[in-house]
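Shown below: data_13.tsv, with TSV, N, CA and C atoms.
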chain	number	residue	atom	x	y	z
H	6	MET	N	-9.93	-55.76	19.55
H	6	MET	CA	-9.95	-54.32	19.75
H	6	MET	C	-10.93	-53.69	18.77
H	7	GLU	N	-11.83	-52.90	19.28
H	7	GLU	CA	-12.84	-52.28	18.44
H	7	GLU	C	-12.33	-50.96	17.89
H	8	THR	N	-12.57	-50.74	16.61
H	8	THR	CA	-12.19	-49.49	15.98
H	8	THR	C	-13.41	-48.57	15.93
H	9	PRO	N	-13.19	-47.28	15.65
H	9	PRO	CA	-14.35	-46.37	15.56
H	9	PRO	C	-15.34	-46.81	14.48
H	10	GLU	N	-14.84	-47.46	13.40
H	10	GLU	CA	-15.76	-47.89	12.35
H	10	GLU	C	-16.71	-48.98	12.85
H	11	THR	N	-16.22	-49.88	13.73
H	11	THR	CA	-17.08	-50.95	14.20
H	11	THR	C	-18.02	-50.48	15.30
H	12	THR	N	-17.61	-49.50	16.08
H	12	THR	CA	-18.48	-49.02	17.15
H	12	THR	C	-19.47	-47.98	16.65
H	13	ALA	N	-19.24	-47.40	15.47
H	13	ALA	CA	-20.13	-46.36	14.96
H	13	ALA	C	-21.52	-46.91	14.69
H	14	GLY	N	-21.61	-48.12	14.21
H	14	GLY	CA	-22.91	-48.70	13.94
H	14	GLY	C	-23.71	-48.91	15.21
H	15	LYS	N	-23.04	-49.13	16.32
H	15	LYS	CA	-23.72	-49.35	17.59
H	15	LYS	C	-24.22	-48.05	18.21
H	16	ASN	N	-23.43	-46.98	18.08
H	16	ASN	CA	-23.74	-45.72	18.75
H	16	ASN	C	-24.50	-44.73	17.87
H	17	GLY	N	-24.39	-44.85	16.57
H	17	GLY	CA	-25.03	-43.89	15.69
H	17	GLY	C	-24.40	-43.96	14.32
H	18	PRO	N	-24.68	-42.97	13.47
H	18	PRO	CA	-24.14	-42.99	12.11
H	18	PRO	C	-22.63	-42.78	12.11
H	19	ALA	N	-21.96	-43.40	11.16
H	19	ALA	CA	-20.51	-43.26	11.03
H	19	ALA	C	-20.18	-41.88	10.47
H	20	ALA	N	-18.99	-41.41	10.80
H	20	ALA	CA	-18.57	-40.09	10.34
H	20	ALA	C	-18.49	-40.02	8.82
H	21	LYS	N	-18.09	-41.13	8.21
H	21	LYS	CA	-17.99	-41.16	6.75
H	21	LYS	C	-19.37	-40.98	6.12
H	22	ASP	N	-20.39	-41.60	6.69
H	22	ASP	CA	-21.74	-41.46	6.17
H	22	ASP	C	-22.26	-40.03	6.33
H	23	VAL	N	-21.95	-39.41	7.45
H	23	VAL	CA	-22.39	-38.03	7.69
H	23	VAL	C	-21.71	-37.09	6.69
H	24	SER	N	-20.42	-37.31	6.43
H	24	SER	CA	-19.70	-36.46	5.48
H	24	SER	C	-20.26	-36.62	4.08
H	25	LEU	N	-20.54	-37.85	3.70
H	25	LEU	CA	-21.10	-38.11	2.37
H	25	LEU	C	-22.46	-37.45	2.22
H	26	LYS	N	-23.29	-37.57	3.24
H	26	LYS	CA	-24.63	-36.97	3.18
H	26	LYS	C	-24.54	-35.45	3.10
H	27	SER	N	-23.60	-34.86	3.82
H	27	SER	CA	-23.48	-33.40	3.78
H	27	SER	C	-23.01	-32.93	2.40
H	28	MET	N	-22.14	-33.70	1.75
H	28	MET	CA	-21.70	-33.34	0.41
H	28	MET	C	-22.85	-33.47	-0.60
H	29	ILE	N	-23.67	-34.50	-0.43
H	29	ILE	CA	-24.82	-34.67	-1.31
H	29	ILE	C	-25.82	-33.54	-1.11
H	30	ILE	N	-26.07	-33.18	0.15
H	30	ILE	CA	-27.00	-32.09	0.45
H	30	ILE	C	-26.50	-30.78	-0.14
H	31	SER	N	-25.21	-30.51	-0.04
H	31	SER	CA	-24.69	-29.25	-0.59
H	31	SER	C	-24.76	-29.25	-2.12
H	32	ALA	N	-24.55	-30.40	-2.76
H	32	ALA	CA	-24.69	-30.48	-4.22
H	32	ALA	C	-26.14	-30.26	-4.65
H	33	VAL	N	-27.07	-30.83	-3.91
H	33	VAL	CA	-28.49	-30.63	-4.21
H	33	VAL	C	-28.87	-29.17	-3.97
H	34	TRP	N	-28.32	-28.57	-2.93
H	34	TRP	CA	-28.58	-27.16	-2.63
H	34	TRP	C	-28.13	-26.28	-3.80
H	35	ILE	N	-26.91	-26.49	-4.28
H	35	ILE	CA	-26.39	-25.68	-5.38
H	35	ILE	C	-27.23	-25.90	-6.64
H	36	GLY	N	-27.53	-27.15	-6.94
H	36	GLY	CA	-28.32	-27.44	-8.13
H	36	GLY	C	-29.73	-26.88	-8.05
H	37	GLY	N	-30.38	-27.07	-6.91
H	37	GLY	CA	-31.74	-26.58	-6.73
H	37	GLY	C	-31.84	-25.07	-6.77
H	38	MET	N	-30.94	-24.42	-6.09
H	38	MET	CA	-30.97	-22.95	-6.07
H	38	MET	C	-30.61	-22.38	-7.44
H	39	SER	N	-29.72	-23.04	-8.18
H	39	SER	CA	-29.37	-22.58	-9.52
H	39	SER	C	-30.56	-22.70	-10.45
H	40	LEU	N	-31.28	-23.82	-10.35
H	40	LEU	CA	-32.49	-23.98	-11.17
H	40	LEU	C	-33.56	-22.97	-10.78
H	41	ALA	N	-33.71	-22.72	-9.49
H	41	ALA	CA	-34.69	-21.73	-9.03
H	41	ALA	C	-34.34	-20.35	-9.58
H	42	LYS	N	-33.05	-20.02	-9.56
H	42	LYS	CA	-32.62	-18.72	-10.08
H	42	LYS	C	-32.85	-18.65	-11.59
H	43	ALA	N	-32.61	-19.76	-12.30
H	43	ALA	CA	-32.77	-19.77	-13.76
H	43	ALA	C	-34.23	-19.57	-14.16
H	44	PHE	N	-35.15	-20.18	-13.42
H	44	PHE	CA	-36.56	-20.10	-13.79
H	44	PHE	C	-37.32	-19.03	-13.01
H	45	TRP	N	-36.66	-18.26	-12.18
H	45	TRP	CA	-37.31	-17.25	-11.35
H	45	TRP	C	-37.98	-16.18	-12.21
H	46	GLY	N	-37.40	-15.85	-13.34
H	46	GLY	CA	-37.95	-14.82	-14.22
H	46	GLY	C	-39.29	-15.22	-14.83
H	47	LEU	N	-39.56	-16.52	-14.91
H	47	LEU	CA	-40.83	-16.97	-15.44
H	47	LEU	C	-41.97	-16.78	-14.43
H	48	VAL	N	-41.61	-16.73	-13.15
H	48	VAL	CA	-42.61	-16.67	-12.08
H	48	VAL	C	-42.95	-15.23	-11.71
H	49	THR	N	-41.94	-14.40	-11.61
H	49	THR	CA	-42.16	-13.04	-11.13
H	49	THR	C	-41.21	-12.06	-11.81
H	50	GLU	N	-41.53	-10.80	-11.72
H	50	GLU	CA	-40.70	-9.74	-12.30
H	50	GLU	C	-39.53	-9.36	-11.39
H	51	LYS	N	-39.64	-9.66	-10.09
H	51	LYS	CA	-38.60	-9.28	-9.14
H	51	LYS	C	-37.34	-10.11	-9.37
H	52	ALA	N	-36.21	-9.54	-8.99
H	52	ALA	CA	-34.94	-10.25	-9.12
H	52	ALA	C	-34.84	-11.33	-8.03
H	53	PHE	N	-34.14	-12.40	-8.35
H	53	PHE	CA	-33.90	-13.47	-7.37
H	53	PHE	C	-32.99	-12.92	-6.29
H	54	GLY	N	-33.19	-13.32	-5.06
H	54	GLY	CA	-32.49	-12.73	-3.92
H	54	GLY	C	-31.00	-13.05	-3.80
H	55	LEU	N	-30.53	-14.10	-4.49
H	55	LEU	CA	-29.13	-14.50	-4.36
H	55	LEU	C	-28.43	-14.47	-5.71
H	56	THR	N	-27.16	-14.11	-5.69
H	56	THR	CA	-26.35	-14.20	-6.90
H	56	THR	C	-25.79	-15.61	-7.01
H	57	MET	N	-25.27	-15.96	-8.18
H	57	MET	CA	-24.69	-17.29	-8.35
H	57	MET	C	-23.47	-17.47	-7.44
H	58	ASP	N	-22.72	-16.41	-7.23
H	58	ASP	CA	-21.57	-16.50	-6.33
H	58	ASP	C	-22.02	-16.86	-4.91
H	59	GLU	N	-23.10	-16.25	-4.46
H	59	GLU	CA	-23.62	-16.55	-3.12
H	59	GLU	C	-24.16	-17.97	-3.01
H	60	ILE	N	-24.80	-18.45	-4.07
H	60	ILE	CA	-25.34	-19.81	-4.06
H	60	ILE	C	-24.21	-20.84	-3.99
H	61	VAL	N	-23.21	-20.67	-4.85
H	61	VAL	CA	-22.09	-21.61	-4.86
H	61	VAL	C	-21.30	-21.53	-3.57
H	62	LEU	N	-21.04	-20.33	-3.09
H	62	LEU	CA	-20.29	-20.17	-1.84
H	62	LEU	C	-21.01	-20.80	-0.66
H	63	SER	N	-22.33	-20.64	-0.57
H	63	SER	CA	-23.06	-21.25	0.53
H	63	SER	C	-23.02	-22.77	0.45
H	64	GLY	N	-23.09	-23.33	-0.76
H	64	GLY	CA	-22.99	-24.78	-0.92
H	64	GLY	C	-21.61	-25.29	-0.54
H	65	ILE	N	-20.58	-24.56	-0.92
H	65	ILE	CA	-19.21	-24.96	-0.57
H	65	ILE	C	-19.02	-24.89	0.95
H	66	ILE	N	-19.56	-23.88	1.56
H	66	ILE	CA	-19.43	-23.74	3.02
H	66	ILE	C	-20.14	-24.89	3.72
H	67	MET	N	-21.32	-25.27	3.24
H	67	MET	CA	-22.02	-26.41	3.84
H	67	MET	C	-21.19	-27.69	3.76
H	68	ALA	N	-20.55	-27.93	2.62
H	68	ALA	CA	-19.72	-29.12	2.46
H	68	ALA	C	-18.45	-29.02	3.29
H	69	THR	N	-17.89	-27.82	3.40
H	69	THR	CA	-16.64	-27.62	4.14
H	69	THR	C	-16.81	-27.83	5.64
H	70	VAL	N	-17.98	-27.56	6.14
H	70	VAL	CA	-18.21	-27.73	7.58
H	70	VAL	C	-17.95	-29.18	8.00
H	71	PHE	N	-18.28	-30.13	7.13
H	71	PHE	CA	-18.11	-31.54	7.47
H	71	PHE	C	-16.86	-32.15	6.86
H	72	SER	N	-16.08	-31.42	6.06
H	72	SER	CA	-14.89	-31.99	5.44
H	72	SER	C	-13.80	-32.36	6.43
H	73	PRO	N	-13.62	-31.65	7.55
H	73	PRO	CA	-12.60	-32.11	8.51
H	73	PRO	C	-12.87	-33.52	9.03
H	74	VAL	N	-14.13	-33.88	9.15
H	74	VAL	CA	-14.47	-35.24	9.59
H	74	VAL	C	-14.00	-36.23	8.55
H	75	TYR	N	-14.27	-35.94	7.29
H	75	TYR	CA	-13.87	-36.83	6.21
H	75	TYR	C	-12.35	-36.85	6.08
H	76	LEU	N	-11.71	-35.70	6.23
H	76	LEU	CA	-10.26	-35.62	6.15
H	76	LEU	C	-9.60	-36.40	7.28
H	77	SER	N	-10.17	-36.38	8.46
H	77	SER	CA	-9.59	-37.12	9.58
H	77	SER	C	-9.63	-38.62	9.33
H	78	ILE	N	-10.65	-39.10	8.64
H	78	ILE	CA	-10.74	-40.52	8.31
H	78	ILE	C	-9.60	-40.89	7.36
H	79	ILE	N	-9.36	-40.04	6.36
H	79	ILE	CA	-8.29	-40.30	5.40
H	79	ILE	C	-6.93	-40.28	6.10
H	80	LEU	N	-6.71	-39.30	6.96
H	80	LEU	CA	-5.43	-39.22	7.67
H	80	LEU	C	-5.22	-40.41	8.61
H	81	ASP	N	-6.29	-40.91	9.23
H	81	ASP	CA	-6.17	-42.10	10.07
H	81	ASP	C	-5.76	-43.31	9.26
H	82	LYS	N	-6.30	-43.45	8.06
H	82	LYS	CA	-5.95	-44.57	7.20
H	82	LYS	C	-4.49	-44.48	6.76
H	83	ILE	N	-4.02	-43.27	6.45
H	83	ILE	CA	-2.62	-43.09	6.07
H	83	ILE	C	-1.72	-43.44	7.25
H	84	LYS	N	-2.11	-43.02	8.45
H	84	LYS	CA	-1.32	-43.34	9.65
H	84	LYS	C	-1.26	-44.84	9.87
H	85	ASP	N	-2.38	-45.53	9.66
H	85	ASP	CA	-2.42	-46.99	9.84
H	85	ASP	C	-1.52	-47.68	8.82
H	86	ILE	N	-1.46	-47.16	7.60
H	86	ILE	CA	-0.61	-47.76	6.57
H	86	ILE	C	0.86	-47.60	6.95
H	87	LYS	N	1.24	-46.42	7.45
H	87	LYS	CA	2.63	-46.18	7.83
H	87	LYS	C	3.05	-47.02	9.02
H	88	ILE	N	2.14	-47.20	9.97
H	88	ILE	CA	2.46	-47.95	11.19
H	88	ILE	C	2.58	-49.44	10.90
H	89	GLY	N	1.68	-49.93	10.10
H	89	GLY	CA	1.82	-51.36	9.97
H	89	GLY	C	1.01	-52.02	8.98
Here is a file; write its structure as structure tokens.
Amino acid sequence: METPETTAGKNGPAAKDVSLKSMIISAVWIGGMSLAKAFWGLVTEKAFGLTMDEIVLSGIIMATVFSPVYLSIILDKIKDIKIG
């Protein structure tokens, strides 16, 4: 019997890989935008367009969009442990 983990390699990327990549992208987004905001004053006199709250919130939202996929994997493993 084939599980979703074994068939994922045949059909495309696994859900776990997609979730991990989205979390990495959101961390890079937060870090990059924070650095851009920190050094923005050296480049121009104008204020940076985003506040730190907006930068962090947008990064969290990007990671949250894919967290149900990652959460479903964890819940499936818990169900498998309880069943057998």
Problem - Using only C-alpha atoms: which of H:Ser31, H:Lys87, H:Ser39, H:Phe53 has the shortest distance to H:Ile66 - result: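 Nearest candidate to H:Ile66 out of H:Ser31, H:Lys87, H:Ser39, H:Phe53: H:Ser31.
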Practice task
Tell me, as a PyMOL selection string, which residues lie within 12 Å of H:Lys42, counting only C-alpha atoms; anything in the same chain fewer than 3 positions away does not count.
Solution key: chain H and resi 34-39+45-49+51-60
Problem - Distance query H:Ser72 at most 10 Å, only C-alpha atoms, self and fewer than 6 positions along chain excluded, as a list of chain:residue names - result: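 The neighbour list is H:Lys21, H:Val23, H:Ser24, H:Leu25, H:Ser27, H:Met28, H:Ile66, H:Ile78.
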Restricting the output to N, CA and C atoms, write the selected residues as a PDB file, in the frame of the given file.
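Below you can see part00.pdb, which holds the result:
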ATOM      1  N   LYS H  21     -18.090 -41.130   8.210  1.00  0.00           N
ATOM      2  CA  LYS H  21     -17.990 -41.160   6.750  1.00  0.00           C
ATOM      3  C   LYS H  21     -19.370 -40.980   6.120  1.00  0.00           C
ATOM      4  N   VAL H  23     -21.950 -39.410   7.450  1.00  0.00           N
ATOM      5  CA  VAL H  23     -22.390 -38.030   7.690  1.00  0.00           C
ATOM      6  C   VAL H  23     -21.710 -37.090   6.690  1.00  0.00           C
ATOM      7  N   SER H  24     -20.420 -37.310   6.430  1.00  0.00           N
ATOM      8  CA  SER H  24     -19.700 -36.460   5.480  1.00  0.00           C
ATOM      9  C   SER H  24     -20.260 -36.620   4.080  1.00  0.00           C
ATOM     10  N   LEU H  25     -20.540 -37.850   3.700  1.00  0.00           N
ATOM     11  CA  LEU H  25     -21.100 -38.110   2.370  1.00  0.00           C
ATOM     12  C   LEU H  25     -22.460 -37.450   2.220  1.00  0.00           C
ATOM     13  N   SER H  27     -23.600 -34.860   3.820  1.00  0.00           N
ATOM     14  CA  SER H  27     -23.480 -33.400   3.780  1.00  0.00           C
ATOM     15  C   SER H  27     -23.010 -32.930   2.400  1.00  0.00           C
ATOM     16  N   MET H  28     -22.140 -33.700   1.750  1.00  0.00           N
ATOM     17  CA  MET H  28     -21.700 -33.340   0.410  1.00  0.00           C
ATOM     18  C   MET H  28     -22.850 -33.470  -0.600  1.00  0.00           C
ATOM     19  N   ILE H  66     -19.560 -23.880   1.560  1.00  0.00           N
ATOM     20  CA  ILE H  66     -19.430 -23.740   3.020  1.00  0.00           C
ATOM     21  C   ILE H  66     -20.140 -24.890   3.720  1.00  0.00           C
ATOM     22  N   ILE H  78     -10.650 -39.100   8.640  1.00  0.00           N
ATOM     23  CA  ILE H  78     -10.740 -40.520   8.310  1.00  0.00           C
ATOM     24  C   ILE H  78      -9.600 -40.890   7.360  1.00  0.00           C
TER      25      ILE H  78
END
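The space separating atom C of H:Lys84 from atom CA of H:Met67 comes to 28.4 Å.
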Exercise for the section: Could you check which of H:Ile30, H:Ile86, H:Glu50, H:Ala20 is closest to H:Ser63, using only C-alpha atoms? Expected result: H:Ile30
Exercise for the section: Would you work out the distance separating atom N of H:Lys82 from atom C of H:Ile65, expressed in Å to one decimal? Expected result: 23.6 Å
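Note that atom N of H:Leu80 and atom N of H:Asp22 are 13.9 Å apart.
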